[in-house]
Amino acid sequence: MTMMNLSPKAVRFLVEALEFWLAAYQTQLETSDLHEDDASELTNDMMFLESLLQELREMQSRANVTSFLGWLHLYLKMGERDPRKTKHQRRPDIC
């Protein structure tokens, strides 16, 4: 599967949309008197949507970790170069 480069906002939007769609399908399954074939098709669609949702949540997790690591790296670099701090006030190197 080809991965798309989605912004964190786009991923959040898609996650919310899939959750809403899944809830609507679940309600339809529970409240409608569907023919067996229709119920089966709806269930298959839900399984597909759930797998998409899981992939998007994993993307969201990786993006959060990557974002945090980027922030941490910048934070540590800024502390090393802060001209207001003397050599003895700077944070020790983390290896």
# chains A, B, ... in the order shown; residues from 1 in each chain; ligands from 1
>>> residues_around(residues="stretch 20-23 of chain A", least_positions_apart="4", cutoff="10 Å", atoms="only C-alpha atoms", output="number ranges by chain")
A: 14-16, 27-29, 42-43, 45-47, 49-50, 53
>>> write_last_selection(atoms="C-alpha atoms", output="mmCIF file, in the first residue's frame")
data_model
loop_
_atom_site.group_PDB
_atom_site.id
_atom_site.type_symbol
_atom_site.label_atom_id
_atom_site.label_comp_id
_atom_site.auth_asym_id
_atom_site.auth_seq_id
_atom_site.Cartn_x
_atom_site.Cartn_y
_atom_site.Cartn_z
ATOM 1 C CA LEU A 14 -9.908 11.231 9.217
ATOM 2 C CA VAL A 15 -9.868 9.397 12.562
ATOM 3 C CA GLU A 16 -12.897 11.372 13.747
ATOM 4 C CA THR A 27 -26.468 1.894 14.890
ATOM 5 C CA GLN A 28 -27.854 0.838 11.527
ATOM 6 C CA LEU A 29 -26.980 -2.798 12.251
ATOM 7 C CA LEU A 42 -22.302 -3.625 6.170
ATOM 8 C CA THR A 43 -20.262 -5.782 8.552
ATOM 9 C CA ASP A 45 -17.442 -2.502 5.322
ATOM 10 C CA MET A 46 -17.108 -1.927 9.066
ATOM 11 C CA MET A 47 -14.185 -4.345 9.279
ATOM 12 C CA LEU A 49 -13.087 0.887 8.116
ATOM 13 C CA GLU A 50 -11.763 -0.458 11.430
ATOM 14 C CA LEU A 53 -8.842 3.483 11.552
#
>>> residues_around(residues="A:Lys9", least_positions_apart="2", cutoff="12 Å", atoms="only C-alpha atoms", output="ChimeraX atom specification")
/A:5-7,11-16,56,59-60,63-64
>>> atom_distance(atom1="atom CA of A:Ser61", atom2="atom CA of A:Ala17")
17.5 Å
